[in-house]
>>> print(open('my_file.tsv').read())   # TSV, C-alpha atoms
chain	number	residue	atom	x	y	z
A	1	MET	CA	-14.37	114.18	160.19
A	2	PHE	CA	-14.07	116.33	163.35
A	3	GLY	CA	-11.95	113.53	164.86
A	4	ILE	CA	-14.93	111.45	165.94
A	5	GLU	CA	-14.11	108.38	163.80
A	6	THR	CA	-12.16	106.83	166.66
A	7	LEU	CA	-15.22	106.78	168.95
A	8	SER	CA	-17.36	103.66	169.39
A	9	GLY	CA	-20.77	103.32	167.66
A	10	ASN	CA	-22.99	104.88	170.33
A	11	ALA	CA	-20.48	107.56	171.32
A	12	GLN	CA	-19.92	108.48	167.67
A	13	ALA	CA	-23.69	108.70	167.08
A	14	ALA	CA	-24.11	110.90	170.16
A	15	ALA	CA	-21.17	113.06	169.01
A	16	LEU	CA	-22.73	113.49	165.55
A	17	VAL	CA	-26.07	114.55	167.03
A	18	GLY	CA	-24.15	116.84	169.43
A	19	ILE	CA	-22.26	118.46	166.53
A	20	VAL	CA	-25.53	119.11	164.69
A	21	LEU	CA	-27.02	120.57	167.89
A	22	VAL	CA	-24.00	122.84	168.46
A	23	GLU	CA	-24.00	123.95	164.82
A	24	ALA	CA	-27.71	124.77	165.12
A	25	MET	CA	-27.15	126.84	168.29
A	26	VAL	CA	-24.15	128.67	166.77
A	27	LEU	CA	-26.15	129.43	163.62
A	28	TYR	CA	-29.11	130.64	165.68
A	29	VAL	CA	-26.94	133.02	167.70
A	30	GLY	CA	-24.81	134.07	164.69
A	31	TYR	CA	-27.73	134.78	162.39
A	32	GLY	CA	-29.52	136.45	165.33
A	33	ALA	CA	-26.64	138.89	165.71
A	34	LEU	CA	-26.53	139.41	161.95
A	35	THR	CA	-30.28	140.06	161.85
A	36	ALA	CA	-30.06	142.54	164.70
A	37	ALA	CA	-27.24	144.35	162.89
A	38	VAL	CA	-28.69	144.57	159.38
A	39	GLY	CA	-32.39	143.69	159.94
A	40	PRO	CA	-33.73	147.24	160.49
A	41	SER	CA	-32.06	148.60	157.36
A	42	VAL	CA	-33.27	145.63	155.28
A	43	ARG	CA	-36.83	146.12	156.62
A	44	LYS	CA	-36.67	149.82	155.79
A	45	ALA	CA	-35.41	149.04	152.28
A	46	ILE	CA	-38.16	146.43	151.69
A	47	GLY	CA	-40.85	148.61	153.26
A	48	GLY	CA	-39.87	151.41	150.90
A	49	GLU	CA	-39.23	153.83	153.74
B	1	MET	CA	-10.92	122.79	142.85
B	2	PHE	CA	-11.76	124.29	146.24
B	3	GLU	CA	-12.99	121.64	148.63
B	4	LEU	CA	-14.54	121.82	152.08
B	5	LEU	CA	-16.03	119.00	154.18
B	6	GLY	CA	-14.90	116.63	151.43
B	7	MET	CA	-17.09	118.11	148.71
B	8	SER	CA	-16.66	120.66	145.91
B	9	ALA	CA	-17.56	124.32	146.29
B	10	GLY	CA	-20.34	123.85	143.71
B	11	MET	CA	-22.01	121.04	145.66
B	12	LEU	CA	-21.58	123.01	148.85
B	13	ALA	CA	-23.31	126.04	147.30
B	14	LEU	CA	-26.09	123.76	145.99
B	15	PHE	CA	-26.72	122.32	149.46
B	16	VAL	CA	-26.64	125.78	151.09
B	17	GLY	CA	-29.09	127.15	148.48
B	18	PHE	CA	-31.39	124.14	148.85
B	19	GLY	CA	-31.16	124.66	152.62
B	20	VAL	CA	-32.32	128.28	152.35
B	21	LEU	CA	-35.37	127.19	150.35
B	22	ILE	CA	-36.31	124.44	152.79
B	23	GLY	CA	-35.62	126.71	155.77
B	24	ILE	CA	-38.19	129.25	154.58
B	25	LEU	CA	-40.84	126.53	154.32
B	26	PHE	CA	-39.84	124.88	157.59
B	27	GLY	CA	-39.84	128.15	159.52
B	28	PHE	CA	-43.14	129.17	158.00
B	29	PHE	CA	-45.18	125.96	158.06
B	30	GLY	CA	-43.33	123.90	160.65
B	31	MET	CA	-42.94	121.10	158.11
B	32	GLY	CA	-41.16	120.23	154.90
B	33	GLY	CA	-37.77	118.92	156.08
B	34	SER	CA	-37.49	115.19	155.45
B	35	PHE	CA	-40.38	115.49	152.98
B	36	LEU	CA	-38.05	117.43	150.65
B	37	VAL	CA	-34.50	116.45	151.62
B	38	THR	CA	-34.74	112.66	151.63
B	39	PRO	CA	-36.23	112.27	148.11
B	40	ALA	CA	-33.69	114.78	146.75
B	41	LEU	CA	-30.75	112.88	148.28
B	42	LEU	CA	-32.11	109.57	146.97
B	43	VAL	CA	-32.34	110.88	143.41
B	44	MET	CA	-28.80	112.32	143.78
B	45	GLY	CA	-27.59	108.75	144.31
B	46	TYR	CA	-27.04	108.61	148.08
B	47	PRO	CA	-27.90	105.24	149.71
B	48	SER	CA	-31.33	105.25	151.37
B	49	ARG	CA	-29.78	104.82	154.84
B	50	VAL	CA	-27.73	108.02	154.34
B	51	ALA	CA	-30.64	109.87	152.68
B	52	VAL	CA	-33.04	109.10	155.54
B	53	GLY	CA	-30.44	109.48	158.36
B	54	SER	CA	-29.00	112.75	157.04
B	55	GLY	CA	-32.53	114.00	156.35
B	56	LEU	CA	-33.48	113.31	159.97
B	57	ALA	CA	-30.30	114.97	161.32
B	58	PHE	CA	-31.04	117.99	159.16
B	59	VAL	CA	-34.65	118.08	160.41
B	60	PHE	CA	-33.32	117.90	163.97
B	61	GLY	CA	-30.94	120.86	163.48
B	62	THR	CA	-33.51	122.95	161.64
B	63	SER	CA	-36.22	122.29	164.20
B	64	VAL	CA	-33.85	123.30	167.04
B	65	ILE	CA	-33.29	126.66	165.34
B	66	ALA	CA	-36.94	127.16	164.37
B	67	THR	CA	-38.18	126.17	167.87
B	68	LEU	CA	-35.82	128.71	169.46
B	69	LYS	CA	-37.17	131.33	167.08
B	70	HIS	CA	-40.83	130.48	167.77
B	71	ARG	CA	-40.07	130.39	171.50
B	72	ASP	CA	-38.80	133.98	171.25
B	73	LEU	CA	-42.15	134.91	169.67
B	74	GLY	CA	-44.05	133.16	172.49
B	75	GLN	CA	-45.39	130.56	170.08
B	76	VAL	CA	-44.38	127.31	171.82
B	77	ASP	CA	-46.74	125.65	174.31
B	78	TYR	CA	-44.45	123.28	176.28
B	79	LYS	CA	-47.30	121.68	178.22
B	80	LEU	CA	-49.04	120.78	174.97
B	81	GLY	CA	-45.72	119.76	173.37
B	82	VAL	CA	-44.80	117.29	176.11
B	83	SER	CA	-48.35	115.83	176.18
B	84	MET	CA	-48.18	115.44	172.39
B	85	ILE	CA	-44.77	113.72	172.56
B	86	ILE	CA	-46.18	111.08	174.94
B	87	GLY	CA	-49.24	110.34	172.77
B	88	THR	CA	-47.25	110.48	169.53
B	89	THR	CA	-44.57	108.06	170.77
B	90	VAL	CA	-47.19	105.41	171.57
B	91	GLY	CA	-48.92	106.04	168.23
B	92	LEU	CA	-45.59	105.75	166.33
B	93	GLU	CA	-44.91	102.38	167.89
B	94	VAL	CA	-48.39	101.05	167.02
B	95	GLY	CA	-48.06	102.45	163.47
B	96	LYS	CA	-44.72	100.69	163.02
B	97	GLU	CA	-46.26	97.39	164.20
B	98	ILE	CA	-49.07	97.75	161.64
B	99	VAL	CA	-46.47	98.28	158.89
B	100	LEU	CA	-44.56	95.15	159.98
B	101	TYR	CA	-47.78	93.14	159.93
B	102	LEU	CA	-48.69	94.43	156.45
B	103	GLU	CA	-45.15	93.64	155.25
B	104	GLU	CA	-45.66	90.03	156.32
B	105	LEU	CA	-48.80	89.98	154.18
B	106	GLY	CA	-46.87	91.62	151.31
B	107	LEU	CA	-49.28	94.57	151.19
B	108	ALA	CA	-47.30	97.31	152.94
B	109	GLY	CA	-45.85	99.23	149.95
B	110	ASN	CA	-49.09	99.75	148.03
B	111	ILE	CA	-51.32	100.46	151.04
B	112	ILE	CA	-48.84	103.00	152.45
B	113	SER	CA	-48.47	104.84	149.13
B	114	VAL	CA	-52.22	105.00	148.54
B	115	THR	CA	-52.85	106.16	152.14
B	116	TYR	CA	-50.08	108.77	151.79
B	117	VAL	CA	-51.57	110.21	148.59
B	118	LEU	CA	-55.14	110.19	149.95
B	119	LEU	CA	-54.15	111.74	153.28
B	120	LEU	CA	-51.80	114.37	151.86
B	121	GLY	CA	-54.26	115.22	149.09
B	122	GLY	CA	-57.26	115.14	151.44
B	123	ILE	CA	-55.67	117.46	154.01
B	124	GLY	CA	-54.40	119.69	151.19
B	125	LEU	CA	-57.90	119.98	149.69
B	126	PHE	CA	-59.51	120.57	153.08
B	127	VAL	CA	-57.03	123.26	154.15
B	128	THR	CA	-57.22	125.04	150.77
B	129	TYR	CA	-61.05	124.89	150.78
B	130	GLU	CA	-61.28	126.22	154.35
B	131	ALA	CA	-58.84	129.03	153.62
B	132	LEU	CA	-60.62	130.07	150.43
B	133	LYS	CA	-64.05	129.81	152.07
B	134	GLY	CA	-62.84	131.88	155.02
B	135	GLY	CA	-62.25	134.98	152.87
B	136	ASP	CA	-60.90	137.78	154.98
B	137	GLY	CA	-62.73	136.79	158.12
B	138	GLY	CA	-62.67	133.91	160.54
B	139	GLY	CA	-58.91	133.60	160.67
B	140	VAL	CA	-56.85	133.53	163.84
B	141	SER	CA	-54.65	136.53	164.39
B	142	HIS	CA	-50.94	135.90	163.97
B	143	ASP	CA	-49.95	138.33	166.66
B	144	VAL	CA	-50.94	135.99	169.39
B	145	ASP	CA	-50.45	137.06	172.95
B	146	GLY	CA	-49.72	133.80	174.70
B	147	ASP	CA	-51.89	134.62	177.68
B	148	ALA	CA	-54.73	136.39	175.89
B	149	ASP	CA	-58.00	134.58	175.19
B	150	ILE	CA	-58.74	133.93	171.53
B	151	ASP	CA	-62.05	134.83	169.91
B	152	ALA	CA	-64.55	131.92	170.04
B	153	ASP	CA	-65.31	132.53	166.33
B	154	ASP	CA	-61.69	131.68	165.51
B	155	ILE	CA	-62.00	128.12	166.84
B	156	PRO	CA	-63.05	125.48	164.26
B	157	GLU	CA	-66.38	123.70	164.98
B	158	LEU	CA	-64.77	120.27	165.42
B	159	ALA	CA	-62.27	121.71	167.91
B	160	LYS	CA	-65.13	123.32	169.87
B	161	LYS	CA	-66.79	119.91	170.13
B	162	ILE	CA	-63.55	118.26	171.29
B	163	GLN	CA	-62.98	121.08	173.80
B	164	SER	CA	-66.51	120.51	175.15
B	165	TYR	CA	-65.58	117.04	176.50
B	166	SER	CA	-64.60	117.95	180.06
B	167	LEU	CA	-62.92	114.69	181.07
B	168	PRO	CA	-60.41	115.57	183.83
B	169	PRO	CA	-57.59	116.46	184.00
B	170	MET	CA	-58.29	119.62	181.98
B	171	ILE	CA	-55.35	121.62	180.62
B	172	THR	CA	-55.30	125.33	179.83
B	173	LEU	CA	-53.19	125.99	176.75
B	174	ARG	CA	-51.71	129.19	175.34
B	175	GLY	CA	-54.38	131.44	173.89
B	176	GLY	CA	-56.78	130.46	176.70
B	177	VAL	CA	-57.81	127.14	175.12
B	178	LYS	CA	-59.04	124.65	177.76
B	179	VAL	CA	-59.10	121.00	176.74
B	180	SER	CA	-59.03	117.55	178.33
B	181	LEU	CA	-55.57	115.93	178.50
B	182	TRP	CA	-57.16	112.71	177.21
B	183	MET	CA	-58.31	114.49	174.04
B	184	ILE	CA	-54.76	115.79	173.43
B	185	LEU	CA	-53.33	112.30	173.98
B	186	LEU	CA	-55.94	110.82	171.64
B	187	VAL	CA	-55.18	113.33	168.87
B	188	ALA	CA	-51.42	112.83	169.45
B	189	PHE	CA	-51.85	109.05	169.32
B	190	ALA	CA	-53.81	109.26	166.05
B	191	THR	CA	-51.26	111.57	164.40
B	192	GLY	CA	-48.38	109.43	165.73
B	193	LEU	CA	-50.07	106.31	164.37
B	194	LEU	CA	-50.35	107.88	160.93
B	195	SER	CA	-46.78	109.18	160.88
B	196	GLY	CA	-45.45	105.81	162.10
B	197	PHE	CA	-47.52	104.05	159.48
B	198	LEU	CA	-46.42	106.39	156.68
B	199	GLY	CA	-42.79	106.72	157.83
B	200	VAL	CA	-42.79	110.53	157.82
B	201	GLY	CA	-42.07	113.21	160.42
B	202	GLY	CA	-45.74	114.02	160.64
B	203	GLY	CA	-45.62	117.84	160.71
B	204	PHE	CA	-48.15	117.99	157.87
B	205	ILE	CA	-50.57	115.91	159.94
B	206	ARG	CA	-49.91	117.37	163.40
B	207	MET	CA	-49.99	121.06	162.55
B	208	PRO	CA	-53.53	120.96	161.04
B	209	ALA	CA	-54.62	118.50	163.78
B	210	LEU	CA	-53.56	120.93	166.51
B	211	PHE	CA	-55.56	123.70	164.86
B	212	TYR	CA	-58.65	121.87	163.57
B	213	LEU	CA	-59.03	119.25	166.32
B	214	ILE	CA	-57.76	120.98	169.46
B	215	GLY	CA	-58.32	124.61	168.45
B	216	VAL	CA	-54.75	125.80	169.07
B	217	PRO	CA	-54.06	129.06	167.16
B	218	VAL	CA	-51.97	128.42	164.01
B	219	PRO	CA	-48.75	130.20	165.13
B	220	ILE	CA	-48.73	128.20	168.40
B	221	ALA	CA	-49.60	125.00	166.50
B	222	VAL	CA	-46.54	125.61	164.27
B	223	GLY	CA	-44.21	126.42	167.21
B	224	THR	CA	-45.37	123.46	169.30
B	225	ASP	CA	-45.15	121.10	166.32
B	226	LEU	CA	-41.52	122.20	165.78
B	227	PHE	CA	-40.79	121.56	169.46
B	228	GLU	CA	-42.04	118.01	169.03
B	229	ILE	CA	-40.14	117.47	165.75
B	230	MET	CA	-36.96	118.48	167.61
B	231	PHE	CA	-37.32	115.45	169.87
B	232	SER	CA	-38.36	112.95	167.21
B	233	GLY	CA	-35.61	114.24	164.83
B	234	GLY	CA	-32.96	113.98	167.57
B	235	ILE	CA	-33.87	110.43	168.49
B	236	GLY	CA	-34.25	109.37	164.84
B	237	SER	CA	-30.88	110.81	163.78
B	238	PHE	CA	-29.15	109.16	166.75
B	239	LEU	CA	-30.57	105.78	165.71
B	240	TYR	CA	-29.43	106.23	162.10
B	241	ALA	CA	-26.03	107.65	163.15
B	242	GLN	CA	-25.35	104.38	165.01
B	243	SER	CA	-25.19	102.62	161.63
B	244	GLY	CA	-23.31	105.41	159.81
B	245	GLY	CA	-26.42	106.93	158.23
B	246	VAL	CA	-25.64	110.58	159.09
B	247	ASP	CA	-23.27	112.38	156.68
B	248	LEU	CA	-22.09	115.70	158.13
B	249	SER	CA	-20.86	116.92	154.73
B	250	ILE	CA	-24.55	116.94	153.68
B	251	VAL	CA	-26.09	118.09	156.95
B	252	ALA	CA	-23.71	120.98	157.78
B	253	PRO	CA	-24.18	123.06	154.57
B	254	LEU	CA	-27.92	122.29	154.39
B	255	LEU	CA	-28.29	123.48	157.97
B	256	ALA	CA	-26.24	126.65	157.36
B	257	GLY	CA	-28.62	127.58	154.54
B	258	SER	CA	-31.81	126.55	156.26
B	259	ALA	CA	-30.96	128.48	159.46
B	260	LEU	CA	-31.10	131.66	157.40
B	261	GLY	CA	-34.24	130.56	155.57
B	262	ALA	CA	-36.00	129.50	158.80
B	263	ARG	CA	-35.35	132.94	160.28
B	264	VAL	CA	-37.03	134.53	157.27
B	265	GLY	CA	-39.86	131.97	157.25
B	266	SER	CA	-40.76	132.21	160.93
B	267	ALA	CA	-40.57	136.03	160.77
B	268	ALA	CA	-43.01	135.90	157.85
B	269	THR	CA	-45.62	134.06	159.96
B	270	SER	CA	-46.04	137.27	161.95
B	271	ILE	CA	-46.51	139.41	158.84
B	272	VAL	CA	-48.40	137.35	156.27
B	273	ASP	CA	-52.19	137.02	156.33
B	274	GLU	CA	-53.53	133.87	158.06
B	275	ASP	CA	-55.68	132.70	155.15
B	276	GLU	CA	-52.83	133.13	152.69
B	277	ILE	CA	-50.71	130.85	154.90
B	278	LYS	CA	-53.36	128.16	154.79
B	279	VAL	CA	-53.74	128.40	151.00
B	280	TYR	CA	-49.98	127.94	150.51
B	281	PHE	CA	-49.93	125.07	152.97
B	282	GLY	CA	-52.85	123.37	151.21
B	283	LEU	CA	-51.33	123.84	147.74
B	284	MET	CA	-48.01	122.44	148.86
B	285	LEU	CA	-49.69	119.35	150.29
B	286	LEU	CA	-51.65	118.83	147.06
B	287	LEU	CA	-48.49	119.06	144.96
B	288	GLY	CA	-46.74	116.74	147.42
B	289	ALA	CA	-49.56	114.20	147.00
B	290	LEU	CA	-49.23	114.48	143.23
B	291	ALA	CA	-45.45	113.95	143.49
B	292	VAL	CA	-45.92	110.78	145.54
B	293	ALA	CA	-48.57	109.53	143.10
B	294	VAL	CA	-46.22	110.14	140.15
B	295	ARG	CA	-43.36	108.32	141.93
B	296	GLN	CA	-45.66	105.38	142.72
B	297	ALA	CA	-46.84	105.25	139.12
B	298	GLY	CA	-43.18	105.24	138.03
B	299	ASN	CA	-42.44	102.27	140.29
B	300	TYR	CA	-45.53	100.42	139.05
B	301	LEU	CA	-44.76	101.04	135.37
B	302	GLY	CA	-41.00	100.59	135.80
B	303	MET	CA	-40.35	104.11	134.46
B	304	GLY	CA	-37.38	105.57	136.36
B	305	VAL	CA	-37.87	108.93	134.64
B	306	LEU	CA	-41.01	109.51	136.74
B	307	ASP	CA	-38.76	109.63	139.85
B	308	TYR	CA	-37.22	112.78	138.37
B	309	VAL	CA	-40.65	114.18	137.49
B	310	SER	CA	-41.67	113.55	141.11
B	311	LEU	CA	-38.54	115.30	142.38
B	312	ALA	CA	-39.12	118.22	140.00
B	313	LEU	CA	-42.69	118.52	141.33
B	314	ILE	CA	-41.47	118.55	144.95
B	315	LEU	CA	-38.65	121.04	144.28
B	316	GLY	CA	-40.84	123.15	141.98
B	317	SER	CA	-43.63	123.39	144.53
B	318	ALA	CA	-41.11	124.20	147.28
B	319	LEU	CA	-39.61	126.97	145.15
B	320	MET	CA	-43.04	128.30	144.20
B	321	VAL	CA	-44.47	128.24	147.72
B	322	SER	CA	-41.39	129.73	149.40
B	323	GLY	CA	-41.38	132.42	146.68
B	324	ALA	CA	-45.06	133.11	147.40
B	325	VAL	CA	-44.34	133.39	151.14
B	326	LEU	CA	-41.57	135.92	150.50
B	327	TYR	CA	-43.75	137.84	148.03
B	328	SER	CA	-46.65	138.05	150.53
B	329	ALA	CA	-44.31	139.13	153.33
B	330	VAL	CA	-42.79	141.90	151.20
B	331	LYS	CA	-46.26	142.95	150.00
B	332	SER	CA	-47.55	143.15	153.60
B	333	MET	CA	-44.52	145.19	154.67
B	334	ARG	CA	-45.03	147.58	151.79
B	335	ALA	CA	-48.80	147.93	152.40
B	336	PRO	CA	-49.72	151.51	153.35
B	337	ALA	CA	-51.25	152.19	156.78
B	338	SER	CA	-50.13	148.83	158.08
B	339	THR	CA	-52.11	147.53	161.05
B	340	GLY	CA	-48.90	147.63	163.05
B	341	SER	CA	-48.34	143.92	163.33
B	342	SER	CA	-45.06	143.15	164.99
B	343	THR	CA	-42.32	141.48	163.00
B	344	ALA	CA	-39.78	139.04	164.25
B	345	ASP	CA	-36.64	140.34	162.64
>>> encode(input="my_file.tsv", output="structure tokens")
Amino acid sequence: MFGIETLSGNAQAAALVGIVLVEAMVLYVGYGALTAAVGPSVRKAIGGE
Amino acid sequence: MFELLGMSAGMLALFVGFGVLIGILFGFFGMGGSFLVTPALLVMGYPSRVAVGSGLAFVFGTSVIATLKHRDLGQVDYKLGVSMIIGTTVGLEVGKEIVLYLEELGLAGNIISVTYVLLLGGIGLFVTYEALKGGDGGGVSHDVDGDADIDADDIPELAKKIQSYSLPPMITLRGGVKVSLWMILLVAFATGLLSGFLGVGGGFIRMPALFYLIGVPVPIAVGTDLFEIMFSGGIGSFLYAQSGGVDLSIVAPLLAGSALGARVGSAATSIVDEDEIKVYFGLMLLLGALAVAVRQAGNYLGMGVLDYVSLALILGSALMVSGAVLYSAVKSMRAPASTGSSTAD
């Protein structure tokens, strides 16, 4: 998967950890943008305002 | 059927949903990753190497996201985090050696399980008792200004005693807490020893230890604990990935779900009442202890069905506690004449 099968043991392990790290950063930024966009309206709806 | 990452859409949805649940707990308590994921993967039939390795990779990803979130809220003390990593690493190594020695004697399995149940149950009882005893006073405010001094009444008695040992070098932590570096290293070593001995991430030991032994305010204890888990999870997943123990088709959807849940969970720490947090934390530890006891009993009696009962207890308590966190957060937001506490999202 992701074309990392051809790498050697250590390089493949580092690539796997790197993929997880990149996914985490992308999710953090992506969900951050989503929260900024819809967060206030959700908070208003929950707060009953 | 629709397939992505080599698995069906149904499995993918299951992992994403499970991720959301775990994310709420992880973001809120700073623990609960491998504690929940690894047993679930084992019962689903994954080999233990994949269950543990993928669990660790998931914990790594989730803790990266949650640490970034807590950092934005000013709830990570890097000085404390780095000091803790040093002490914990040494403790982990010693803990592992003790396990190897006990394995040679053929006593490891039983001693570890009994210690796990006693420790998890003991901390759970203590935290629940303290939170219930505290009533509506004595808690530490969640809206912690990193540079502001905390009220002396908010610091547990044991932590005050530990802070009173002025063995140089002294370190000033967030919230104005001043404590000897040696005391931090000692606490970190002890928690590392226990987590190495028990083979767990150690968030459930470290988070209360930071609060009750060093006197770090709970939100900073959670943020700093996550910072440390990020390092241990990264190293652990690398070691397992070397032998093919990390399955991205498990980790990727779990992480996608938990990133959303962690955002909700860490935002809730700024809204929900301090004592309620501690009650939930305590209850979850107690149910976790019960789940481990049930699993151990199943192994002893040769009753495989108790593995499923244990998993149901873990998943049930996770669902119940994350539901309670969400309920409290919504209740606080709906409360009239709110005290104006800031929210994260």
>>> residues_around(input="my_file.tsv", residues="stretch 54-65 of chain B", least_positions_apart="4", cutoff="9 Å", atoms="only C-alpha atoms", output="JSON, numbers by chain")
{"A": [16, 17, 20, 21, 22, 23, 24, 25, 27, 28], "B": [23, 26, 27, 30, 32, 33, 34, 35, 36, 37, 38, 41, 49, 50, 69, 70, 201, 226, 227, 228, 229, 230, 231, 232, 233, 234, 235, 236, 237, 238, 240, 241, 245, 246, 247, 248, 250, 251, 252, 254, 255, 258, 259, 262, 263]}
>>> closest_residue(input="my_file.tsv", among="A:Ile19, A:Arg43, A:Ala13, A:Ala37", to="chain B", atoms="all atoms listed in the file")
A:Ala13
>>> closest_residue(input="my_file.tsv", among="B:Pro208, B:Gly121, B:Gly53, B:Gly215", to="chain A", atoms="only C-alpha atoms")
B:Gly53
>>> atom_distance(input="my_file.tsv", atom1="atom CA of A:Val29", atom2="atom CA of B:Arg71")
13.9 Å
>>> closest_residue(input="my_file.tsv", among="B:Leu185, B:Glu103, B:Pro156, B:Asp72", to="chain A", atoms="all atoms listed in the file")
B:Asp72
>>> closest_residue(input="my_file.tsv", among="B:Thr67, B:Ser243, B:Ser266, B:Asn110", to="A:Gln12", atoms="all atoms listed in the file")
B:Ser243
>>> closest_residue(input="my_file.tsv", among="B:Gln242, B:Ile22, B:Val177, B:Val294", to="A:Leu7", atoms="only C-alpha atoms")
B:Gln242
>>> closest_residue(input="my_file.tsv", among="A:Ser41, A:Val26, A:Gly9, A:Gly32", to="chain B", atoms="only C-alpha atoms")
A:Gly9
>>> atom_distance(input="my_file.tsv", atom1="atom CA of B:Lys96", atom2="atom CA of B:Val43")
25.3 Å
>>> atom_distance(input="my_file.tsv", atom1="atom CA of B:Tyr280", atom2="atom CA of B:Ser328")
10.6 Å
>>> residues_around(input="my_file.tsv", residues="stretch 317-321 of chain B", least_positions_apart="5", cutoff="8 Å", atoms="all atoms listed in the file", output="list in words")
Leu21, Ile22, Leu25, Tyr280, Met284, Leu287 and Gly288 of chain B
>>> axis_aligned_box(input="my_file.tsv", around="stretch 273-288 of chain B", padding_each_side="5 Å", output="JSON")
{"center_x": -51.2, "center_y": 126.9, "center_z": 151.5, "size_x": 18.9, "size_y": 30.3, "size_z": 23.1}
>>> residues_around(input="my_file.tsv", residues="B:Gly196", least_positions_apart="2", cutoff="8 Å", atoms="all atoms listed in the file", output="list in words")
Gly91, Leu92, Glu93, Val94, Gly95, Lys96, Gly192, Leu193, Leu194, Leu198, Gly199 and Val200 of chain B
>>> residues_around(input="my_file.tsv", residues="B:Leu118", least_positions_apart="5", cutoff="12 Å", atoms="only C-alpha atoms", output="PyMOL selection string")
chain B and resi 111-113+123-126+198+285-286+288-290+292-293
>>> decode(input="my_file.tsv", residues="stretch 33-45 of chain A", atoms="N, CA, C and O atoms", output="tab-separated table (two decimals), in the first residue's frame")
chain	number	residue	atom	x	y	z
A	33	ALA	N	-10.01	23.52	9.98
A	33	ALA	CA	-10.69	24.41	9.04
A	33	ALA	C	-12.20	24.16	9.08
A	33	ALA	O	-13.00	25.11	9.07
A	34	LEU	N	-12.56	22.87	9.17
A	34	LEU	CA	-13.98	22.52	9.23
A	34	LEU	C	-14.63	23.10	10.49
A	34	LEU	O	-15.73	23.67	10.45
A	35	THR	N	-13.90	22.98	11.62
A	35	THR	CA	-14.42	23.49	12.89
A	35	THR	C	-14.60	25.01	12.83
A	35	THR	O	-15.59	25.55	13.31
A	36	ALA	N	-13.60	25.68	12.23
A	36	ALA	CA	-13.69	27.13	12.13
A	36	ALA	C	-14.89	27.54	11.27
A	36	ALA	O	-15.55	28.55	11.54
A	37	ALA	N	-15.17	26.71	10.25
A	37	ALA	CA	-16.26	27.06	9.33
A	37	ALA	C	-17.64	26.81	9.95
A	37	ALA	O	-18.52	27.66	9.86
A	38	VAL	N	-17.80	25.63	10.58
A	38	VAL	CA	-19.15	25.30	11.07
A	38	VAL	C	-19.27	25.34	12.60
A	38	VAL	O	-20.38	25.26	13.12
A	39	GLY	N	-18.12	25.50	13.31
A	39	GLY	CA	-18.13	25.47	14.78
A	39	GLY	C	-19.08	26.47	15.42
A	39	GLY	O	-19.90	26.10	16.26
A	40	PRO	N	-18.99	27.77	15.04
A	40	PRO	CA	-19.86	28.77	15.68
A	40	PRO	C	-21.35	28.45	15.54
A	40	PRO	O	-22.10	28.58	16.51
A	41	SER	N	-21.76	27.98	14.35
A	41	SER	CA	-23.19	27.70	14.17
A	41	SER	C	-23.60	26.46	14.98
A	41	SER	O	-24.69	26.42	15.54
A	42	VAL	N	-22.68	25.47	15.07
A	42	VAL	CA	-22.99	24.28	15.88
A	42	VAL	C	-23.12	24.68	17.35
A	42	VAL	O	-24.03	24.27	18.05
A	43	ARG	N	-22.18	25.55	17.81
A	43	ARG	CA	-22.20	25.98	19.22
A	43	ARG	C	-23.49	26.75	19.53
A	43	ARG	O	-24.10	26.59	20.57
A	44	LYS	N	-23.89	27.59	18.58
A	44	LYS	CA	-25.13	28.35	18.76
A	44	LYS	C	-26.31	27.41	18.85
A	44	LYS	O	-27.18	27.56	19.71
A	45	ALA	N	-26.31	26.40	17.96
A	45	ALA	CA	-27.43	25.44	17.93
A	45	ALA	C	-27.48	24.64	19.24
A	45	ALA	O	-28.55	24.47	19.83
